[in-house]
Each structure stands twice: as C-alpha cells, then as structure tokens.
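Here's the structure we're looking at; comments come further down.
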Amino acid sequence: MHKKVVVSILSMIFITGVTCRQVKPQSGAATGEAQSYTSRRTAGITDNNAPVIFEDVTAGTALKDFIEVGGEKAKNYILECTSGAVAILDYDNDGKPDIFLLNGGTINGLEGKEKMPRSALYRNLGNWKFKNVTDKAGVANERWGMGVSVGDFNNDGFPDMFVSNYGVSRLYQNNGKGVFTDVAAKVGLNIEGWNTGATFGDYDRDGRLDLFVPAYVDFDLAKLPISPVDVGKDGNTGRNFCQFRGQPVMCGPRGLPGATDRLFHQKADGTFEDVSIKAGASDPGKYYGFSSVFIDVNDDGYVDLLVINDSTPKQLYLNKRDGTFEEIGYLSGIALNENGREQAGMGVGVGDYNNDGLVDFYITNFSDDSNTLYRADGDTNFTDSTYQAGLGEPTIPFLGWGTSFIDFDNDGWKDILVANGHVYPQVDNFQWGTSYAQQMTLFRNMRPDAKTSQILFERIPANPNSGLALALKGRGLAVGDLDNDGRVDAVVNNMDSAPTVLKNVAAGQNHWLNLRLIGDVSKKTPKDAIGSTVFATIGGVRQRFDVTSGASYASQSDQRVHIGLGQADKIDKVEIRWSNGETETIKIPAVDRILTVEQSKGIRSK
C-alpha cells in the first residue's frame with residue numbers, strides 16, 4: 001500500500017527554485033533557528049580544530065587551466081546559471097579514472113558572434129597528474145553543455161558519454177582507441193532544446209541500455225524574458241520584473257514554459273526509438289527537469305526512474321515490467337517534502353544511508369529551503385526524514401547542486417557531500433544570510449542511535465587548510481577514487497571559474513574494497529552492469545550499493561562500487577544482483593584492493 005499524501009492549496013502555489021520570488025525560511029525550521037543562520041555568511045565559516053578531510057590539489061593538475069563559462073557573469077538570464085557538469089570515467093580502461101569537464105556557453109556564441117567555450121577530457125596519468133586529451137578524443141562539444149551521463153550503450157566494453165546541451169545534444173561513442181565519435185543522429189537520438197541530466201538504464205531487461213533525457217525550459221532566444229539590463233529601456237519600468245528579496249534578478253523558471261522529457265528505447269540494431277508516450281514517461285505537465293536516475297526502488301529486478309525537478313514536484317516512475325511506467329511521485333511520498341510542498345530540486349544522491357537494504361535519496365534544493373533526505377520504508381514508500389536526521393537547518397543558507405552519498409572515512413556508513421553556489425550574484429551586495437560563492441558541505445553519518453535507531457548527520461566544519469573551506473560557485477559534483485588509494489575523492493565543476501579537485505586525506509586506518517562489475521551480454525546484462533546491485537555483509541552489517549548512470553547534478557560519478565569496511569579486515573559475504581535478475585555470491589580473497597568481477601566467472605585475474 002502506498003501512503004496517502006494530502007496536498008494543500010498553499011503547497012501548490014508556493015514558488016521556489018531557480019526563480020525570482022520573495023522567500024522566507026521554511027521546511028519546518030523554527031523561526032529562531034532560521035534567524036540564527038540568516039545572520040551568517042555561508043562563505044568563510046572555518047574551524048581551526050576541524051579535521052582536514054579533503055586537500056585542494058587543483059593547482060598541481062592540468063585541470064587548473066580549464067574555465068567553465070556560463071554566459072555573462074551578471075547572470076541576466078536563467079540560461080546562464082545552470083551549466084557546469086562533470087564526469088569521472090575510465091575511458092581507456094587502464095584502471096585509472098579520468099575526468100571530463102563539460103563547459104557552458106554564451107548567448108553571443110549561440111548567435112554565431114563568437115566561439116563557444118570548449119569542454120575538456122583529462123586522462124589520468126597517475127600520481128595526480130592529468131593530460132588534456134580533448135583534441136585527440138574529439139569531445140570539445142562547443143555547444144552549451146548542460147549534463148553528462150555515462151553508459152556503454154553498444155556493449156563493447158568502453159564507456160560512452162551522452163552530453164545534453166541547450167541546442168543539439170550528443171552521444172559520444174568510444175571507439176576503444178581513445179577517440180569518441182558523435183553518433184547521436186546516426187542512432188536516432190535527434191534531441192534538441194534545453195536538455196539536462198540524463199540517465200542510461202536497461203528498463204526492459206533486454207541487455208541493451210536505454211536512455212532517459214529530462215528537459216528544463218522551452219527557452220527561446222528570440223523571446224528572452226525581461227532581465228535587469230532591460231529595466232528603463234523602451235519605457236520598461238521594471239514593474240513586472242522578477243525579484244529575490246525585493247531586488248531585481250533574472251527571471252525563471254516560473255513564468256517560462258516547461259519542456260517535455262523523453263525516453264528512448266534501444267532496439268536490437270543499436271538505434272533508439274522515442275517511446276515516451278507509449279511507456280508513460282512523457283512528462284505531460286512539462287515540469288522543469290534537472291537530474292534523473294534509473295534505480296530499482298522496489299527490488300523487483302527492474303529499474304525504476306526518479307526525476308528531480310526545479311520548482312515542481314519530483315517524479316517517480318515505477319516500472320510495470322511490461323515496457324511501461326506508472327508515475328507514483330505523490331503516492332510514494334517523494335513528490336513533495338514533509339510539509340506537502342514542492343521544492344526546487346537540483347541534484348540527487350542515491351544510496352542506502354541506514355544500511356537497511358533499501359535505497360534512499362538526498363535531494364539538493366534552493367537556498368532558504370533545506371535539502372531533503374528521503375528514507376525508504378519499503379513497498380515504494382518514502383518518508384522525509386530531513387529534520388529528524390539533523391539535515392534541515394544547516395542547509396537552509398546554501399543553494400545545493402551536485403551531491404553524493406560518500407563513505408569518506410570508510411567506516412561502513414554513507415556520509416553526504418554537497419557542492420553549493422548561488423545563482424544571483426546580487427546576493428553579495430546585501431546581508432541576506434547567504435553568498436554567491438559558497439562552501440561545500442560534508443555531513444558525517446553518526447550511525448543509528450542505540451535507543452531510537454534514528455541516524456543523525458553532523459556537519460563537519462571546514463578547517464582553513466581543507467578544500468571544504470573554499471568558497472565555490474559549485475555546480476556538478478562527481479566522486480571516485482582518483483588515485484586508487486582506497487579513499488574516495490571528488491571533483492567539482494564551478495561556474496565561471498576553474499574546477500576544484502579534492503584529494504581525500506581523511507585520517508584513519510579503516511579497510512576498504514573497490515569492485516568493478518562486468519556483465520555477461522549473452523545473458524542480457526549490459527556490459528557495464530548498470531542497474532546491478534551489490535550487497536556486502538561485514539560484521540553483521542549489510543551494505544547496499546547500486547551501479548547507476550547520471551544522478552548528482554547532471555553529472556556522473558565513478559561507476560565502480562566502493563565499500564568501506566571499518567576496522568574489519570575481511571568481508572563475510574558479497575552478493576551481486578545483476579541487472580538481468582540473476583544473483584551471484586562472490587568470495588573475496590582479501591581487502592584493501594581493487595577487484596574486477598565478471599558475471600558467472602567470478603573475480604578476474606590480472
């Protein structure tokens with residue numbers, strides 16, 4: 001049975017998001033709590049006694065020369081504030097994760113008045129050295145990039161990339177020799193408009209990856225909405241101009257037409273067909289889609305689909321196992337927050353934070369609203385546990401984007417990392433309790449309370465020498481063990497500036513294991529095992545990990561499974577539920593290493 005959700009009229013008209021509106025502290029925070037935070041600036045809060053978790057190593061890498069361009073720095077139009085995705089993928093299969101930084105664009109570039117900025121692929125050479133291989137790889141894009149997701153769509157063993165753009169999107173096919181070719185038109189992915197964080201997944205279990213592409217706004221350059229530079233021109237008094245706390249800012253998405261999401265099914269010949277309407281995933285409400293992920297929420301062996309929308313309800317499509325979906329966002333409790341309100345969703349973290357075997361979600365939202373933690377209760381029901389988990393009031397001043405569950409200390413309990421950054425440069429001109437550039441936030445999982453079993457998260461303060469102390473205009477976030485030392489690192493793509501490469505230097509001697517899964521295509525499992533789930537039992541605690549495409553904020557994290565073991569030096573049991581429905585138990589010979597597991601063949605020897 002699904003929970004009944006009561007939605008008030010007020011919840012349907014309350015406006016949030018990357019939009020222009022007068023806002024108040026919300027999400028259940030007491031007035032005193034909200035006021036205590038609005039008296040602070042989010043950039044520059046440091047603690048000399050805090051541990052150093054991440055070291056900023058950007059300056060020592062080739063990535064320091066990359067600059068993400070998101071339109072003009074004044075941000076007069078909403079198109080200029082949402083780009084900056086990132087992907088961690090091992091494109092050459094040498095065992096060292098590489099980094100792809102997706103660039104944005106300019107309106108002059110769209111109009112042909114100047115060149116569009118270039119995206120960049122950096123090959124991991126080891127020892128924190130990276131080489132720019134963009135030209136050889138052919139992935140400069142030179143379109144207004146909005147999102148990147150990874151999936152081996154042709155099952156040849158090399159990861160491909162779908163790049164969603166404002167304009168025409170691309171499917172970069174990896175030829176296995178370090179070169180990518182845009183085959184989007186060739187395979188039937190003729191996708192135009194403002195598309196965002198896509199996801200690959202085999203929803204019909206035929207062994208071929210399908211593709212879901214959310215869309216944001218039907219944005220027409222010939223009919224640009226009013227902007228701050230328009231006030232006073234041609235008799236424009238700015239009377240209908242958009243505002244944030246009484247100050248004029250760019251408009252959107254409220255008041256702008258939404259765009260339709262699309263689901264593409266891959267056929268046996270390797271081409272794709274648009275099945276959005278047939279499958280029941282066409283988004284007739286034209287919500288403002290930002291991020292998405294195929295994920296099996298009810299453990300029936302078929303991936304479902306979660307879509308994170310800005311200023312409109314989140315959507316959860318339940319796979320009916322007949323090629324169609326049922327949208328159950330309201331019924332499941334995930335469409336709105338605990339107050340029955342839609343929120344301005346940006347990114348999504350996917351993971352089982354309480355180790356109960358069910359997949360949970362962490363959603364980032366606009367400032368003056370909290371991010372949201374949805375705890376899975378089983379039977380496709382979710383509960384907003386944000387405030388009970390201590391994640392409410394600390395996130396109110398921040399505008400969250402990319403996010404991930406990350407076991408940064410390998411203690412076996414998933415923590416939460418968030419990239420933050422405002423969309424209005426004007427906030428720095430007023431004491432509004434927020435700032436344009438913002439620190440990242442890292443929340444430590446404090447494990448279940450002995451009496452209540454409730455899990456609390458505690459924000460780790462930023463040591464001045466830590467990468468967490470940096471004030472960033474963060475957007476996309478990807479995590480992965482870049483140096484293969486057993487600690488998960490992170491990369492943030494920042495608006496109008498260089499990216500941030502964070503090396504995990506967390507103290508401690510906890511053990512770990514990293515698994516790369518290879519599916520058996522003959523058994524209708526995708527080669528990269530997207531849609532598969534790993535269960536690892538250590539000392540009586542059973543952890544869950546899902547191999548996914550997309551999520552975060554329109555970005556892609558390393559698809560290897562990283563398992564924290566705490567002080568345990570062995571794993572009791574590893575079970576793999578492959579995406580074709582088969583279950584396999586793997587015996588792990590030793591820990592603190594990276595292993596490759598092939599379906600039906602076990603651990604592959606080097």
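Residues are referred to by chain and number: the chain letter is A, B, ... according to the order shown in the structure tokens, the number counts from 1 in that chain, and ligands are numbered separately from 1 in the order shown.
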Review point. Mind checking DSSP for region 186-317 of chain A and telling me the strand (DSSP E or B) residues as a PyMOL selection string?
Key: chain A and resi 192-195+199-201+210-213+215+217+243-244+247-248+258+262-266+272-274+288-295+304-310+315-317
Check your understanding: Can you tell me, as a list in words, what residues are no more than 7 Å from Pro159 (chain A) when counting only C-alpha atoms, ignoring any on the same chain fewer than 4 positions away?
Key -> Tyr91, Val150, Gly151, Asp152 and Asn174 of chain A
Practice item. Report as a list in words: the residues of region 343-507 of chain A with a DSSP assignment of helix (DSSP H, G or I), based on the backbone of this structure. Key: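 Matching residues, listed in order: Glu393, Pro394, Thr395, Pro425, Gln426, Val427, Asp428, Asn429, Gly467, Leu468 and Ala469 of chain A.
Distance annotation: of A:Asn354, A:Thr61, A:Asn510, A:Asn465, the residue with the minimal separation from Gly564 (chain A) is A:Asn510; atom set is only C-alpha atoms.
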Exercise for review: Please identify all polymer residues within 10 Å of Ala590 (chain A), counting only C-alpha atoms, omitting same-chain residues fewer than 4 positions from it, and present them as a ChimeraX atom specification.
Suggested key: /A:512-513,569-571,594-595
Any chance you could export the current selection's N, CA and C atoms as a JSON list (two decimals), in the first residue's frame?
[["chain", "number", "residue", "atom", "x", "y", "z"],
["A", 512, "TRP", "N", 38.92, -1.22, 3.14],
["A", 512, "TRP", "CA", 38.04, -0.90, 2.01],
["A", 512, "TRP", "C", 38.15, -1.97, 0.93],
["A", 513, "LEU", "N", 37.24, -1.91, -0.01],
["A", 513, "LEU", "CA", 37.26, -2.77, -1.19],
["A", 513, "LEU", "C", 36.60, -2.02, -2.33],
["A", 569, "ASP", "N", 38.85, -6.66, 8.66],
["A", 569, "ASP", "CA", 39.84, -6.97, 7.63],
["A", 569, "ASP", "C", 39.37, -8.07, 6.70],
["A", 570, "LYS", "N", 38.08, -8.38, 6.75],
["A", 570, "LYS", "CA", 37.52, -9.34, 5.81],
["A", 570, "LYS", "C", 36.04, -9.04, 5.62],
["A", 571, "ILE", "N", 35.51, -9.53, 4.51],
["A", 571, "ILE", "CA", 34.09, -9.38, 4.20],
["A", 571, "ILE", "C", 33.42, -10.73, 4.36],
["A", 594, "ILE", "N", 41.50, -3.37, -5.35],
["A", 594, "ILE", "CA", 40.50, -3.19, -6.40],
["A", 594, "ILE", "C", 40.37, -4.51, -7.16],
["A", 595, "LEU", "N", 39.15, -4.99, -7.28],
["A", 595, "LEU", "CA", 38.90, -6.26, -7.95],
["A", 595, "LEU", "C", 37.90, -6.08, -9.08]]
Which region 403-498 of chain A residues have any atom within 12 Å of an atom of region 286-308 of chain A, and for each, what is the nearest pair of atoms with distance in Å to one decimal, counting only C-alpha atoms, rows sorted by chain and number, as a tab-separated table?
residue	atom	partner	partner_atom	distance
A:Thr403	CA	A:Ser291	CA	11.1
A:Arg475	CA	A:Phe290	CA	11.8
A:Gly476	CA	A:Ser291	CA	10.8
Point to revise | Residue contacts of Glu598 (chain A) (8 Å, only C-alpha atoms) excluding same-chain residues fewer than 4 positions away, as a list of chain:residue names | key: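 Everything that qualifies: A:Leu517, A:Ile518, A:Gly519, A:Asp520, A:Gly602, A:Ile603, A:Arg604.
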**Study point:** Given only C-alpha atoms as the counted atoms, nearest of A:Gly285, A:Pro257, A:Gly480, A:Gly323 to Tyr203 (chain A)
**Key:** A:Gly323
**Study point:** Point-to-point distance from CA of Arg205 (chain A) to CA of Lys267 (chain A), Å rounded to tenths
**Key:**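 Those two atoms sit 12.0 Å apart.
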Point to revise | Interatomic distance, CA of Val492 (chain A) to CA of Gly474 (chain A) (Å, one decimal) | key: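 So the two atoms, CA of Val492 (chain A) and CA of Gly474 (chain A), lie 6.4 Å apart.
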Practice item. Name the residues in contact with Ala184 (chain A) at a cut-off of 9 Å, using only C-alpha atoms, excluding same-chain residues fewer than 6 positions from it; report them as a list in words. Key: Phe162, Ser169, Arg170, Leu171, Tyr172, Gln173, Asn190 and Ile191 of chain A
Write to file, as a short mmCIF file (atom, residue, chain, number, x, y, z; two decimals), in the first residue's frame, the residues of the selection just made, with N, CA and C atoms.
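The result, stored in selection.cif:
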data_model
loop_
_atom_site.label_atom_id
_atom_site.label_comp_id
_atom_site.auth_asym_id
_atom_site.auth_seq_id
_atom_site.Cartn_x
_atom_site.Cartn_y
_atom_site.Cartn_z
N PHE A 162 26.76 10.44 -22.99
CA PHE A 162 25.68 11.27 -23.55
C PHE A 162 25.83 12.66 -22.97
N SER A 169 21.89 17.87 -28.57
CA SER A 169 22.66 17.01 -27.67
C SER A 169 23.49 16.02 -28.47
N ARG A 170 24.44 15.37 -27.78
CA ARG A 170 25.36 14.45 -28.45
C ARG A 170 25.40 13.09 -27.75
N LEU A 171 25.70 12.07 -28.52
CA LEU A 171 26.05 10.76 -27.98
C LEU A 171 27.46 10.46 -28.47
N TYR A 172 28.42 10.54 -27.54
CA TYR A 172 29.81 10.27 -27.89
C TYR A 172 30.12 8.78 -27.73
N GLN A 173 30.30 8.10 -28.87
CA GLN A 173 30.64 6.68 -28.86
C GLN A 173 32.16 6.53 -28.76
N ASN A 190 17.93 12.31 -32.07
CA ASN A 190 17.85 13.69 -32.58
C ASN A 190 17.15 14.54 -31.52
N ILE A 191 17.94 15.05 -30.60
CA ILE A 191 17.41 15.71 -29.41
C ILE A 191 17.83 17.18 -29.41
#
Point to revise | Counting only C-alpha atoms, the residue of A:Lys414, A:Arg262, A:Lys75, A:Lys186 that sits nearest Ser282 (chain A) | key: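 Result for the nearest residue to Ser282 (chain A): A:Arg262.
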Check your understanding: Which is closest to Thr585 (chain A) among A:Ala268, A:Ile396, A:Val541, A:Ala536, if we use only C-alpha atoms?
Key -> A:Ala536
Using only C-alpha atoms, tabulate the residues of region 408-521 of chain A lying at most 12 Å from any atom of region 103-126 of chain A, each with its closest atom pair and that distance in Å to one decimal, by chain and increasing residue number, as CSV.
residue,atom,partner,partner_atom,distance
A:Arg475,CA,A:Asn103,CA,11.4
A:Gly476,CA,A:Asn103,CA,10.9
A:Asp481,CA,A:Asn124,CA,11.5
A:Leu482,CA,A:Asn124,CA,8.0
A:Asp483,CA,A:Gly126,CA,6.6
A:Asn484,CA,A:Gly126,CA,9.1
A:Asp485,CA,A:Gly126,CA,11.1
A:Asn493,CA,A:Asn103,CA,8.9
A:Asn494,CA,A:Asn103,CA,9.9
A:Met495,CA,A:Gly104,CA,8.8
A:Asp496,CA,A:Gly104,CA,9.1
A:Ser497,CA,A:Asn103,CA,10.6
A:Ala498,CA,A:Asn103,CA,10.8
A:Pro499,CA,A:Asn103,CA,10.8
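Using only C-alpha atoms, the shortest contact distance between Ala478 (chain A) and any of A:Ser149, A:Ser605, A:Asn49, A:Gln247 is found at A:Ser149.
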